[in-house]
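Engineer: Have a look at the structure that comes next, please.
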Amino acid sequence: MRETSKKIGMFDASMQFINYGKFVNTDETGQEYGNFSGGDYALNIGWGRPLDSVFSIGANFKTIYSGLQEYSSFGIAVDVAGSYFNSKRQLGLTSLL
């Protein structure tokens with residue numbers, strides 16, 4: 001999903017998912033206690049806009065959930081970047097914070 005506005009820039013949203021599959025739950029002697037599964041999920045919201053003809057900036061906000069057996073975690077992450085691109089020299093530089 002993307003939405004563009006010339007004044008404020010471009011927005012997007014995405015969802016990422018990794019499924020680790022099913023596992024057999026055992027103890028150290030090999031006794032089976034059923035199955036469990038695991039996976040990671042991330043919901044991303046991004047923004048970017050050009051500052052002028054050669055510089056642009058952007059950022060991503062991410063909420064992250066991970067679950068494996070009875071354990072789970074939740075996290076928040078932010079990526080911020082700036083880019084320079086000179087088409088005459090075919091030179092592009094990006095810095096990620």
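Ordering of the structure tokens sets the chain letters (A, B, ...); residue numbers start at 1 within each chain; ligands are numbered from 1 in the order shown.
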Give me the residues near stretch 76-80 of chain A as a ChimeraX atom specification, where near means some atom within 6 Å (using only C-alpha atoms) and where sequence neighbours in that chain fewer than 2 positions away do not count.

Structural biologist: /A:58-63,96-97

Engineer: What does the file look like for those residues with C-alpha atoms, as a PDB file, in the first residue's frame?

Structural biologist:
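Generated file (result04.pdb):
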```pdb
ATOM      1  CA  GLY A  58      13.219   8.530   4.647  1.00  0.00           C
ATOM      2  CA  ALA A  59      12.348   6.545   7.732  1.00  0.00           C
ATOM      3  CA  ASN A  60      10.690   3.243   8.682  1.00  0.00           C
ATOM      4  CA  PHE A  61       8.859   2.455  11.919  1.00  0.00           C
ATOM      5  CA  LYS A  62       8.619  -1.276  12.701  1.00  0.00           C
ATOM      6  CA  THR A  63       6.717  -3.255  15.300  1.00  0.00           C
ATOM      7  CA  LEU A  96      21.512   4.572   7.207  1.00  0.00           C
ATOM      8  CA  LEU A  97      21.238   5.559  10.885  1.00  0.00           C
TER       9      LEU A  97
END
```

Engineer: Please provide as a PyMOL selection string all residues within 12 Å of stretch 20-33 of chain A, with the sequence filter that same-chain residues fewer than 5 positions apart are discarded (counting only C-alpha atoms).

Structural biologist: chain A and resi 38-41+66-70

Engineer: Which residue, A:Ser72, A:Ser37, A:Ser56, A:Gln16, has the smallest gap to A:Asn86 when you use only C-alpha atoms?

Structural biologist: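 Of A:Ser72, A:Ser37, A:Ser56, A:Gln16, the one nearest A:Asn86, counting only C-alpha atoms, is A:Ser56.
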
Engineer: Would you list, as a PDB file with all heavy atoms, in the first residue's frame, the residues of stretch 3-50 of chain A that end up in strand (DSSP E or B) under DSSP run on this structure's backbone?

Structural biologist:
```
ATOM      1  N   GLU A   3       0.891   5.684  -0.604  1.00  0.00           N
ATOM      2  CA  GLU A   3       0.155   6.927  -0.764  1.00  0.00           C
ATOM      3  C   GLU A   3       1.173   8.038  -0.970  1.00  0.00           C
ATOM      4  O   GLU A   3       2.141   8.132  -0.224  1.00  0.00           O
ATOM      5  CB  GLU A   3      -0.702   7.205   0.475  1.00  0.00           C
ATOM      6  CG  GLU A   3      -1.533   8.447   0.375  1.00  0.00           C
ATOM      7  CD  GLU A   3      -2.572   8.383  -0.731  1.00  0.00           C
ATOM      8  OE1 GLU A   3      -3.116   7.297  -0.984  1.00  0.00           O
ATOM      9  OE2 GLU A   3      -2.810   9.424  -1.357  1.00  0.00           O
ATOM     10  N   THR A   4       0.972   8.866  -1.980  1.00  0.00           N
ATOM     11  CA  THR A   4       1.931   9.908  -2.312  1.00  0.00           C
ATOM     12  C   THR A   4       1.300  11.284  -2.186  1.00  0.00           C
ATOM     13  O   THR A   4       0.179  11.495  -2.604  1.00  0.00           O
ATOM     14  CB  THR A   4       2.441   9.727  -3.755  1.00  0.00           C
ATOM     15  OG1 THR A   4       2.985   8.427  -3.880  1.00  0.00           O
ATOM     16  CG2 THR A   4       3.506  10.750  -4.096  1.00  0.00           C
ATOM     17  N   SER A   5       2.050  12.203  -1.605  1.00  0.00           N
ATOM     18  CA  SER A   5       1.680  13.612  -1.555  1.00  0.00           C
ATOM     19  C   SER A   5       2.937  14.410  -1.859  1.00  0.00           C
ATOM     20  O   SER A   5       3.977  14.181  -1.267  1.00  0.00           O
ATOM     21  CB  SER A   5       1.141  13.977  -0.172  1.00  0.00           C
ATOM     22  OG  SER A   5       0.986  15.371  -0.070  1.00  0.00           O
ATOM     23  N   GLY A   9       5.532  13.843   0.999  1.00  0.00           N
ATOM     24  CA  GLY A   9       6.301  12.679   0.598  1.00  0.00           C
ATOM     25  C   GLY A   9       5.438  11.457   0.343  1.00  0.00           C
ATOM     26  O   GLY A   9       4.227  11.550   0.189  1.00  0.00           O
ATOM     27  N   MET A  10       6.093  10.300   0.336  1.00  0.00           N
ATOM     28  CA  MET A  10       5.430   9.028   0.050  1.00  0.00           C
ATOM     29  C   MET A  10       5.389   8.180   1.313  1.00  0.00           C
ATOM     30  O   MET A  10       6.364   8.107   2.051  1.00  0.00           O
ATOM     31  CB  MET A  10       6.175   8.280  -1.047  1.00  0.00           C
ATOM     32  CG  MET A  10       5.614   6.926  -1.356  1.00  0.00           C
ATOM     33  SD  MET A  10       6.549   6.034  -2.590  1.00  0.00           S
ATOM     34  CE  MET A  10       5.717   6.600  -4.042  1.00  0.00           C
ATOM     35  N   PHE A  11       4.239   7.522   1.527  1.00  0.00           N
ATOM     36  CA  PHE A  11       4.069   6.621   2.659  1.00  0.00           C
ATOM     37  C   PHE A  11       3.822   5.214   2.137  1.00  0.00           C
ATOM     38  O   PHE A  11       3.249   5.031   1.066  1.00  0.00           O
ATOM     39  CB  PHE A  11       2.876   7.040   3.520  1.00  0.00           C
ATOM     40  CG  PHE A  11       3.099   8.316   4.263  1.00  0.00           C
ATOM     41  CD1 PHE A  11       2.819   9.534   3.674  1.00  0.00           C
ATOM     42  CD2 PHE A  11       3.596   8.291   5.553  1.00  0.00           C
ATOM     43  CE1 PHE A  11       3.023  10.710   4.358  1.00  0.00           C
ATOM     44  CE2 PHE A  11       3.806   9.467   6.245  1.00  0.00           C
ATOM     45  CZ  PHE A  11       3.517  10.685   5.644  1.00  0.00           C
ATOM     46  N   ASP A  12       4.253   4.233   2.908  1.00  0.00           N
ATOM     47  CA  ASP A  12       3.911   2.852   2.573  1.00  0.00           C
ATOM     48  C   ASP A  12       3.768   2.038   3.855  1.00  0.00           C
ATOM     49  O   ASP A  12       4.182   2.451   4.926  1.00  0.00           O
ATOM     50  CB  ASP A  12       4.919   2.219   1.615  1.00  0.00           C
ATOM     51  CG  ASP A  12       6.270   1.932   2.258  1.00  0.00           C
ATOM     52  OD1 ASP A  12       6.481   2.279   3.418  1.00  0.00           O
ATOM     53  OD2 ASP A  12       7.120   1.349   1.580  1.00  0.00           O
ATOM     54  N   ALA A  13       3.116   0.896   3.707  1.00  0.00           N
ATOM     55  CA  ALA A  13       2.938  -0.024   4.823  1.00  0.00           C
ATOM     56  C   ALA A  13       3.149  -1.430   4.293  1.00  0.00           C
ATOM     57  O   ALA A  13       2.794  -1.733   3.154  1.00  0.00           O
ATOM     58  CB  ALA A  13       1.545   0.116   5.426  1.00  0.00           C
ATOM     59  N   SER A  14       3.757  -2.281   5.124  1.00  0.00           N
ATOM     60  CA  SER A  14       3.975  -3.667   4.722  1.00  0.00           C
ATOM     61  C   SER A  14       3.958  -4.569   5.948  1.00  0.00           C
ATOM     62  O   SER A  14       4.120  -4.107   7.079  1.00  0.00           O
ATOM     63  CB  SER A  14       5.299  -3.817   3.967  1.00  0.00           C
ATOM     64  OG  SER A  14       6.389  -3.531   4.823  1.00  0.00           O
ATOM     65  N   MET A  15       3.756  -5.840   5.673  1.00  0.00           N
ATOM     66  CA  MET A  15       3.771  -6.856   6.721  1.00  0.00           C
ATOM     67  C   MET A  15       4.751  -7.934   6.297  1.00  0.00           C
ATOM     68  O   MET A  15       4.722  -8.380   5.146  1.00  0.00           O
ATOM     69  CB  MET A  15       2.371  -7.441   6.871  1.00  0.00           C
ATOM     70  CG  MET A  15       2.262  -8.549   7.856  1.00  0.00           C
ATOM     71  SD  MET A  15       2.207  -7.897   9.509  1.00  0.00           S
ATOM     72  CE  MET A  15       1.979  -9.376  10.450  1.00  0.00           C
ATOM     73  N   GLN A  16       5.630  -8.345   7.200  1.00  0.00           N
ATOM     74  CA  GLN A  16       6.573  -9.429   6.938  1.00  0.00           C
ATOM     75  C   GLN A  16       6.266 -10.577   7.900  1.00  0.00           C
ATOM     76  O   GLN A  16       5.896 -10.349   9.048  1.00  0.00           O
ATOM     77  CB  GLN A  16       8.008  -8.959   7.154  1.00  0.00           C
ATOM     78  CG  GLN A  16       8.444  -7.908   6.164  1.00  0.00           C
ATOM     79  CD  GLN A  16       9.811  -7.364   6.518  1.00  0.00           C
ATOM     80  OE1 GLN A  16      10.004  -6.822   7.592  1.00  0.00           O
ATOM     81  NE2 GLN A  16      10.752  -7.528   5.610  1.00  0.00           N
ATOM     82  N   PHE A  17       6.441 -11.798   7.401  1.00  0.00           N
ATOM     83  CA  PHE A  17       6.144 -12.972   8.212  1.00  0.00           C
ATOM     84  C   PHE A  17       7.142 -14.072   7.873  1.00  0.00           C
ATOM     85  O   PHE A  17       7.414 -14.330   6.704  1.00  0.00           O
ATOM     86  CB  PHE A  17       4.726 -13.462   7.937  1.00  0.00           C
ATOM     87  CG  PHE A  17       4.418 -14.792   8.560  1.00  0.00           C
ATOM     88  CD1 PHE A  17       4.349 -14.926   9.929  1.00  0.00           C
ATOM     89  CD2 PHE A  17       4.208 -15.900   7.770  1.00  0.00           C
ATOM     90  CE1 PHE A  17       4.068 -16.154  10.505  1.00  0.00           C
ATOM     91  CE2 PHE A  17       3.927 -17.131   8.331  1.00  0.00           C
ATOM     92  CZ  PHE A  17       3.857 -17.253   9.710  1.00  0.00           C
ATOM     93  N   ILE A  18       7.682 -14.695   8.896  1.00  0.00           N
ATOM     94  CA  ILE A  18       8.541 -15.866   8.740  1.00  0.00           C
ATOM     95  C   ILE A  18       7.939 -16.979   9.581  1.00  0.00           C
ATOM     96  O   ILE A  18       7.750 -16.826  10.792  1.00  0.00           O
ATOM     97  CB  ILE A  18       9.986 -15.595   9.198  1.00  0.00           C
ATOM     98  CG1 ILE A  18      10.618 -14.496   8.362  1.00  0.00           C
ATOM     99  CG2 ILE A  18      10.814 -16.875   9.109  1.00  0.00           C
ATOM    100  CD1 ILE A  18      11.979 -14.055   8.861  1.00  0.00           C
ATOM    101  N   ASN A  19       7.616 -18.101   8.955  1.00  0.00           N
ATOM    102  CA  ASN A  19       7.068 -19.258   9.650  1.00  0.00           C
ATOM    103  C   ASN A  19       8.180 -20.287   9.807  1.00  0.00           C
ATOM    104  O   ASN A  19       8.731 -20.758   8.823  1.00  0.00           O
ATOM    105  CB  ASN A  19       5.902 -19.840   8.839  1.00  0.00           C
ATOM    106  CG  ASN A  19       5.249 -21.013   9.535  1.00  0.00           C
ATOM    107  OD1 ASN A  19       5.672 -21.455  10.599  1.00  0.00           O
ATOM    108  ND2 ASN A  19       4.199 -21.511   8.929  1.00  0.00           N
ATOM    109  N   TYR A  20       8.505 -20.645  11.038  1.00  0.00           N
ATOM    110  CA  TYR A  20       9.557 -21.628  11.295  1.00  0.00           C
ATOM    111  C   TYR A  20       9.050 -23.063  11.215  1.00  0.00           C
ATOM    112  O   TYR A  20       9.829 -24.006  11.306  1.00  0.00           O
ATOM    113  CB  TYR A  20      10.202 -21.394  12.658  1.00  0.00           C
ATOM    114  CG  TYR A  20      10.910 -20.055  12.749  1.00  0.00           C
ATOM    115  CD1 TYR A  20      10.614 -19.173  13.772  1.00  0.00           C
ATOM    116  CD2 TYR A  20      11.854 -19.686  11.811  1.00  0.00           C
ATOM    117  CE1 TYR A  20      11.251 -17.953  13.862  1.00  0.00           C
ATOM    118  CE2 TYR A  20      12.494 -18.463  11.886  1.00  0.00           C
ATOM    119  CZ  TYR A  20      12.191 -17.600  12.913  1.00  0.00           C
ATOM    120  OH  TYR A  20      12.813 -16.396  12.987  1.00  0.00           O
ATOM    121  N   GLY A  21       7.740 -23.248  11.096  1.00  0.00           N
ATOM    122  CA  GLY A  21       7.177 -24.585  10.977  1.00  0.00           C
ATOM    123  C   GLY A  21       6.830 -25.181  12.331  1.00  0.00           C
ATOM    124  O   GLY A  21       6.810 -24.511  13.353  1.00  0.00           O
ATOM    125  N   LYS A  22       6.559 -26.491  12.310  1.00  0.00           N
ATOM    126  CA  LYS A  22       6.192 -27.212  13.534  1.00  0.00           C
ATOM    127  C   LYS A  22       7.378 -28.029  14.037  1.00  0.00           C
ATOM    128  O   LYS A  22       8.154 -28.561  13.253  1.00  0.00           O
ATOM    129  CB  LYS A  22       5.011 -28.129  13.262  1.00  0.00           C
ATOM    130  CG  LYS A  22       3.722 -27.381  12.999  1.00  0.00           C
ATOM    131  CD  LYS A  22       2.556 -28.322  12.881  1.00  0.00           C
ATOM    132  CE  LYS A  22       1.294 -27.503  12.661  1.00  0.00           C
ATOM    133  NZ  LYS A  22       0.126 -28.364  12.551  1.00  0.00           N
ATOM    134  N   PHE A  23       7.463 -28.124  15.346  1.00  0.00           N
ATOM    135  CA  PHE A  23       8.534 -28.862  16.006  1.00  0.00           C
ATOM    136  C   PHE A  23       7.924 -29.851  16.991  1.00  0.00           C
ATOM    137  O   PHE A  23       6.842 -29.628  17.520  1.00  0.00           O
ATOM    138  CB  PHE A  23       9.455 -27.910  16.784  1.00  0.00           C
ATOM    139  CG  PHE A  23      10.104 -26.869  15.934  1.00  0.00           C
ATOM    140  CD1 PHE A  23       9.497 -25.636  15.737  1.00  0.00           C
ATOM    141  CD2 PHE A  23      11.329 -27.107  15.343  1.00  0.00           C
ATOM    142  CE1 PHE A  23      10.093 -24.666  14.960  1.00  0.00           C
ATOM    143  CE2 PHE A  23      11.934 -26.147  14.564  1.00  0.00           C
ATOM    144  CZ  PHE A  23      11.314 -24.923  14.372  1.00  0.00           C
ATOM    145  N   VAL A  24       8.649 -30.929  17.276  1.00  0.00           N
ATOM    146  CA  VAL A  24       8.232 -31.881  18.298  1.00  0.00           C
ATOM    147  C   VAL A  24       8.859 -31.438  19.615  1.00  0.00           C
ATOM    148  O   VAL A  24      10.065 -31.214  19.703  1.00  0.00           O
ATOM    149  CB  VAL A  24       8.683 -33.313  17.931  1.00  0.00           C
ATOM    150  CG1 VAL A  24       8.304 -34.294  19.041  1.00  0.00           C
ATOM    151  CG2 VAL A  24       8.078 -33.734  16.609  1.00  0.00           C
ATOM    152  N   ASN A  25       8.028 -31.298  20.643  1.00  0.00           N
ATOM    153  CA  ASN A  25       8.495 -30.887  21.968  1.00  0.00           C
ATOM    154  C   ASN A  25       8.946 -32.135  22.730  1.00  0.00           C
ATOM    155  O   ASN A  25       8.150 -33.025  22.999  1.00  0.00           O
ATOM    156  CB  ASN A  25       7.369 -30.177  22.711  1.00  0.00           C
ATOM    157  CG  ASN A  25       7.829 -29.546  23.999  1.00  0.00           C
ATOM    158  OD1 ASN A  25       9.026 -29.468  24.269  1.00  0.00           O
ATOM    159  ND2 ASN A  25       6.879 -29.080  24.788  1.00  0.00           N
ATOM    160  N   THR A  26      10.244 -32.214  23.039  1.00  0.00           N
ATOM    161  CA  THR A  26      10.798 -33.363  23.772  1.00  0.00           C
ATOM    162  C   THR A  26      11.631 -32.880  24.945  1.00  0.00           C
ATOM    163  O   THR A  26      12.069 -31.737  24.983  1.00  0.00           O
ATOM    164  CB  THR A  26      11.689 -34.235  22.866  1.00  0.00           C
ATOM    165  OG1 THR A  26      12.816 -33.472  22.443  1.00  0.00           O
ATOM    166  CG2 THR A  26      10.930 -34.732  21.650  1.00  0.00           C
ATOM    167  N   GLU A  32       8.357 -37.407  24.209  1.00  0.00           N
ATOM    168  CA  GLU A  32       7.606 -36.406  23.449  1.00  0.00           C
ATOM    169  C   GLU A  32       6.451 -35.845  24.264  1.00  0.00           C
ATOM    170  O   GLU A  32       5.747 -36.578  24.949  1.00  0.00           O
ATOM    171  CB  GLU A  32       7.081 -37.010  22.144  1.00  0.00           C
ATOM    172  CG  GLU A  32       8.183 -37.337  21.167  1.00  0.00           C
ATOM    173  CD  GLU A  32       7.658 -37.792  19.815  1.00  0.00           C
ATOM    174  OE1 GLU A  32       6.447 -37.661  19.545  1.00  0.00           O
ATOM    175  OE2 GLU A  32       8.487 -38.284  19.025  1.00  0.00           O
ATOM    176  N   TYR A  33       6.264 -34.516  24.156  1.00  0.00           N
ATOM    177  CA  TYR A  33       5.204 -33.819  24.885  1.00  0.00           C
ATOM    178  C   TYR A  33       4.313 -33.011  23.943  1.00  0.00           C
ATOM    179  O   TYR A  33       3.726 -32.023  24.341  1.00  0.00           O
ATOM    180  CB  TYR A  33       5.807 -32.893  25.938  1.00  0.00           C
ATOM    181  CG  TYR A  33       6.548 -33.636  27.011  1.00  0.00           C
ATOM    182  CD1 TYR A  33       7.930 -33.733  26.974  1.00  0.00           C
ATOM    183  CD2 TYR A  33       5.862 -34.246  28.052  1.00  0.00           C
ATOM    184  CE1 TYR A  33       8.616 -34.429  27.957  1.00  0.00           C
ATOM    185  CE2 TYR A  33       6.543 -34.941  29.035  1.00  0.00           C
ATOM    186  CZ  TYR A  33       7.916 -35.025  28.976  1.00  0.00           C
ATOM    187  OH  TYR A  33       8.589 -35.722  29.946  1.00  0.00           O
ATOM    188  N   GLY A  34       4.223 -33.397  22.702  1.00  0.00           N
ATOM    189  CA  GLY A  34       3.377 -32.678  21.752  1.00  0.00           C
ATOM    190  C   GLY A  34       4.204 -31.862  20.768  1.00  0.00           C
ATOM    191  O   GLY A  34       5.415 -32.031  20.638  1.00  0.00           O
ATOM    192  N   ASN A  35       3.532 -30.960  20.081  1.00  0.00           N
ATOM    193  CA  ASN A  35       4.172 -30.118  19.066  1.00  0.00           C
ATOM    194  C   ASN A  35       4.071 -28.651  19.433  1.00  0.00           C
ATOM    195  O   ASN A  35       3.216 -28.258  20.233  1.00  0.00           O
ATOM    196  CB  ASN A  35       3.495 -30.334  17.710  1.00  0.00           C
ATOM    197  CG  ASN A  35       3.638 -31.751  17.218  1.00  0.00           C
ATOM    198  OD1 ASN A  35       4.700 -32.343  17.342  1.00  0.00           O
ATOM    199  ND2 ASN A  35       2.566 -32.310  16.683  1.00  0.00           N
ATOM    200  N   PHE A  36       4.920 -27.854  18.831  1.00  0.00           N
ATOM    201  CA  PHE A  36       4.825 -26.405  18.949  1.00  0.00           C
ATOM    202  C   PHE A  36       5.299 -25.794  17.644  1.00  0.00           C
ATOM    203  O   PHE A  36       5.908 -26.448  16.809  1.00  0.00           O
ATOM    204  CB  PHE A  36       5.613 -25.868  20.152  1.00  0.00           C
ATOM    205  CG  PHE A  36       7.106 -26.035  20.033  1.00  0.00           C
ATOM    206  CD1 PHE A  36       7.881 -25.016  19.496  1.00  0.00           C
ATOM    207  CD2 PHE A  36       7.731 -27.193  20.473  1.00  0.00           C
ATOM    208  CE1 PHE A  36       9.257 -25.162  19.398  1.00  0.00           C
ATOM    209  CE2 PHE A  36       9.095 -27.345  20.378  1.00  0.00           C
ATOM    210  CZ  PHE A  36       9.863 -26.328  19.841  1.00  0.00           C
ATOM    211  N   SER A  37       4.989 -24.529  17.451  1.00  0.00           N
ATOM    212  CA  SER A  37       5.402 -23.830  16.228  1.00  0.00           C
ATOM    213  C   SER A  37       6.038 -22.502  16.594  1.00  0.00           C
ATOM    214  O   SER A  37       6.041 -22.091  17.749  1.00  0.00           O
ATOM    215  CB  SER A  37       4.198 -23.613  15.310  1.00  0.00           C
ATOM    216  OG  SER A  37       3.234 -22.817  15.953  1.00  0.00           O
ATOM    217  N   GLY A  38       6.564 -21.845  15.595  1.00  0.00           N
ATOM    218  CA  GLY A  38       7.197 -20.558  15.833  1.00  0.00           C
ATOM    219  C   GLY A  38       7.143 -19.684  14.596  1.00  0.00           C
ATOM    220  O   GLY A  38       6.983 -20.166  13.478  1.00  0.00           O
ATOM    221  N   GLY A  39       7.244 -18.378  14.831  1.00  0.00           N
ATOM    222  CA  GLY A  39       7.250 -17.440  13.716  1.00  0.00           C
ATOM    223  C   GLY A  39       7.569 -16.032  14.169  1.00  0.00           C
ATOM    224  O   GLY A  39       7.520 -15.718  15.363  1.00  0.00           O
ATOM    225  N   ASP A  40       7.914 -15.208  13.208  1.00  0.00           N
ATOM    226  CA  ASP A  40       8.195 -13.791  13.439  1.00  0.00           C
ATOM    227  C   ASP A  40       7.274 -12.966  12.550  1.00  0.00           C
ATOM    228  O   ASP A  40       7.033 -13.317  11.397  1.00  0.00           O
ATOM    229  CB  ASP A  40       9.645 -13.454  13.095  1.00  0.00           C
ATOM    230  CG  ASP A  40      10.639 -14.131  14.005  1.00  0.00           C
ATOM    231  OD1 ASP A  40      10.308 -14.359  15.177  1.00  0.00           O
ATOM    232  OD2 ASP A  40      11.760 -14.420  13.542  1.00  0.00           O
ATOM    233  N   TYR A  41       6.801 -11.833  13.073  1.00  0.00           N
ATOM    234  CA  TYR A  41       5.937 -10.924  12.349  1.00  0.00           C
ATOM    235  C   TYR A  41       6.480  -9.510  12.499  1.00  0.00           C
ATOM    236  O   TYR A  41       6.934  -9.134  13.578  1.00  0.00           O
ATOM    237  CB  TYR A  41       4.520 -10.924  12.925  1.00  0.00           C
ATOM    238  CG  TYR A  41       3.860 -12.267  12.985  1.00  0.00           C
ATOM    239  CD1 TYR A  41       4.111 -13.132  14.046  1.00  0.00           C
ATOM    240  CD2 TYR A  41       2.983 -12.666  12.002  1.00  0.00           C
ATOM    241  CE1 TYR A  41       3.495 -14.373  14.112  1.00  0.00           C
ATOM    242  CE2 TYR A  41       2.363 -13.906  12.059  1.00  0.00           C
ATOM    243  CZ  TYR A  41       2.625 -14.746  13.119  1.00  0.00           C
ATOM    244  OH  TYR A  41       2.018 -15.967  13.175  1.00  0.00           O
ATOM    245  N   ALA A  42       6.405  -8.728  11.444  1.00  0.00           N
ATOM    246  CA  ALA A  42       6.794  -7.319  11.522  1.00  0.00           C
ATOM    247  C   ALA A  42       5.812  -6.490  10.717  1.00  0.00           C
ATOM    248  O   ALA A  42       5.511  -6.802   9.560  1.00  0.00           O
ATOM    249  CB  ALA A  42       8.215  -7.108  11.000  1.00  0.00           C
ATOM    250  N   LEU A  43       5.291  -5.433  11.326  1.00  0.00           N
ATOM    251  CA  LEU A  43       4.440  -4.468  10.652  1.00  0.00           C
ATOM    252  C   LEU A  43       5.274  -3.215  10.445  1.00  0.00           C
ATOM    253  O   LEU A  43       5.803  -2.650  11.407  1.00  0.00           O
ATOM    254  CB  LEU A  43       3.195  -4.153  11.486  1.00  0.00           C
ATOM    255  CG  LEU A  43       2.287  -3.069  10.938  1.00  0.00           C
ATOM    256  CD1 LEU A  43       1.711  -3.498   9.584  1.00  0.00           C
ATOM    257  CD2 LEU A  43       1.179  -2.763  11.918  1.00  0.00           C
ATOM    258  N   ASN A  44       5.427  -2.801   9.193  1.00  0.00           N
ATOM    259  CA  ASN A  44       6.302  -1.679   8.844  1.00  0.00           C
ATOM    260  C   ASN A  44       5.488  -0.534   8.263  1.00  0.00           C
ATOM    261  O   ASN A  44       4.623  -0.749   7.417  1.00  0.00           O
ATOM    262  CB  ASN A  44       7.329  -2.118   7.802  1.00  0.00           C
ATOM    263  CG  ASN A  44       8.054  -3.376   8.209  1.00  0.00           C
ATOM    264  OD1 ASN A  44       8.558  -3.478   9.307  1.00  0.00           O
ATOM    265  ND2 ASN A  44       8.093  -4.338   7.320  1.00  0.00           N
ATOM    266  N   ILE A  45       5.807   0.671   8.701  1.00  0.00           N
ATOM    267  CA  ILE A  45       5.230   1.887   8.124  1.00  0.00           C
ATOM    268  C   ILE A  45       6.402   2.778   7.725  1.00  0.00           C
ATOM    269  O   ILE A  45       7.264   3.077   8.560  1.00  0.00           O
ATOM    270  CB  ILE A  45       4.309   2.606   9.118  1.00  0.00           C
ATOM    271  CG1 ILE A  45       3.142   1.697   9.488  1.00  0.00           C
ATOM    272  CG2 ILE A  45       3.815   3.923   8.538  1.00  0.00           C
ATOM    273  CD1 ILE A  45       2.271   2.218  10.582  1.00  0.00           C
ATOM    274  N   GLY A  46       6.449   3.164   6.459  1.00  0.00           N
ATOM    275  CA  GLY A  46       7.582   3.937   5.953  1.00  0.00           C
ATOM    276  C   GLY A  46       7.170   5.279   5.369  1.00  0.00           C
ATOM    277  O   GLY A  46       6.024   5.479   4.959  1.00  0.00           O
ATOM    278  N   TRP A  47       8.120   6.187   5.329  1.00  0.00           N
ATOM    279  CA  TRP A  47       7.924   7.522   4.783  1.00  0.00           C
ATOM    280  C   TRP A  47       9.203   7.949   4.081  1.00  0.00           C
ATOM    281  O   TRP A  47      10.304   7.632   4.547  1.00  0.00           O
ATOM    282  CB  TRP A  47       7.604   8.510   5.899  1.00  0.00           C
ATOM    283  CG  TRP A  47       7.736   9.938   5.506  1.00  0.00           C
ATOM    284  CD1 TRP A  47       6.815  10.695   4.834  1.00  0.00           C
ATOM    285  CD2 TRP A  47       8.851  10.801   5.732  1.00  0.00           C
ATOM    286  NE1 TRP A  47       7.295  11.962   4.629  1.00  0.00           N
ATOM    287  CE2 TRP A  47       8.549  12.047   5.173  1.00  0.00           C
ATOM    288  CE3 TRP A  47      10.093  10.627   6.339  1.00  0.00           C
ATOM    289  CZ2 TRP A  47       9.446  13.116   5.226  1.00  0.00           C
ATOM    290  CZ3 TRP A  47      10.965  11.696   6.377  1.00  0.00           C
ATOM    291  CH2 TRP A  47      10.631  12.926   5.826  1.00  0.00           C
ATOM    292  N   GLY A  48       9.089   8.659   2.989  1.00  0.00           N
ATOM    293  CA  GLY A  48      10.245   9.198   2.291  1.00  0.00           C
ATOM    294  C   GLY A  48       9.844  10.366   1.418  1.00  0.00           C
ATOM    295  O   GLY A  48       8.696  10.479   0.990  1.00  0.00           O
ATOM    296  N   ARG A  49      10.813  11.259   1.184  1.00  0.00           N
ATOM    297  CA  ARG A  49      10.540  12.393   0.310  1.00  0.00           C
ATOM    298  C   ARG A  49      11.840  12.981  -0.204  1.00  0.00           C
ATOM    299  O   ARG A  49      12.871  12.954   0.488  1.00  0.00           O
ATOM    300  CB  ARG A  49       9.709  13.453   1.006  1.00  0.00           C
ATOM    301  CG  ARG A  49      10.457  14.303   2.007  1.00  0.00           C
ATOM    302  CD  ARG A  49       9.575  15.374   2.628  1.00  0.00           C
ATOM    303  NE  ARG A  49       9.247  16.424   1.705  1.00  0.00           N
ATOM    304  CZ  ARG A  49       9.838  17.610   1.677  1.00  0.00           C
ATOM    305  NH1 ARG A  49      10.785  17.890   2.536  1.00  0.00           N
ATOM    306  NH2 ARG A  49       9.470  18.516   0.807  1.00  0.00           N
ATOM    307  N   PRO A  50      11.811  13.529  -1.406  1.00  0.00           N
ATOM    308  CA  PRO A  50      12.989  14.235  -1.910  1.00  0.00           C
ATOM    309  C   PRO A  50      13.102  15.602  -1.238  1.00  0.00           C
ATOM    310  O   PRO A  50      12.095  16.262  -0.976  1.00  0.00           O
ATOM    311  CB  PRO A  50      12.714  14.366  -3.407  1.00  0.00           C
ATOM    312  CG  PRO A  50      11.244  14.213  -3.566  1.00  0.00           C
ATOM    313  CD  PRO A  50      10.770  13.402  -2.404  1.00  0.00           C
TER     314      PRO A  50
END
```

Engineer: Provide the atom CA of A:Lys7 to atom CA of A:Ser83 distance in Å, to one decimal place.

Structural biologist: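 These atoms are spaced 18.4 Å apart.
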
Engineer: Show me, as a PDB file with C-alpha atoms, in the first residue's frame, the residues that have an atom within 12 Å of A:Lys88 when counting only C-alpha atoms, minus same-chain residues fewer than 3 positions from it.

Structural biologist:
```pdb
ATOM      1  CA  SER A  53      16.941  17.199  -7.118  1.00  0.00           C
ATOM      2  CA  VAL A  54      19.814  15.158  -5.574  1.00  0.00           C
ATOM      3  CA  PHE A  85      22.123  10.669  -6.313  1.00  0.00           C
ATOM      4  CA  LEU A  91      26.916   8.361  -8.353  1.00  0.00           C
ATOM      5  CA  GLY A  92      24.627   7.311  -5.527  1.00  0.00           C
TER       6      GLY A  92
END
```
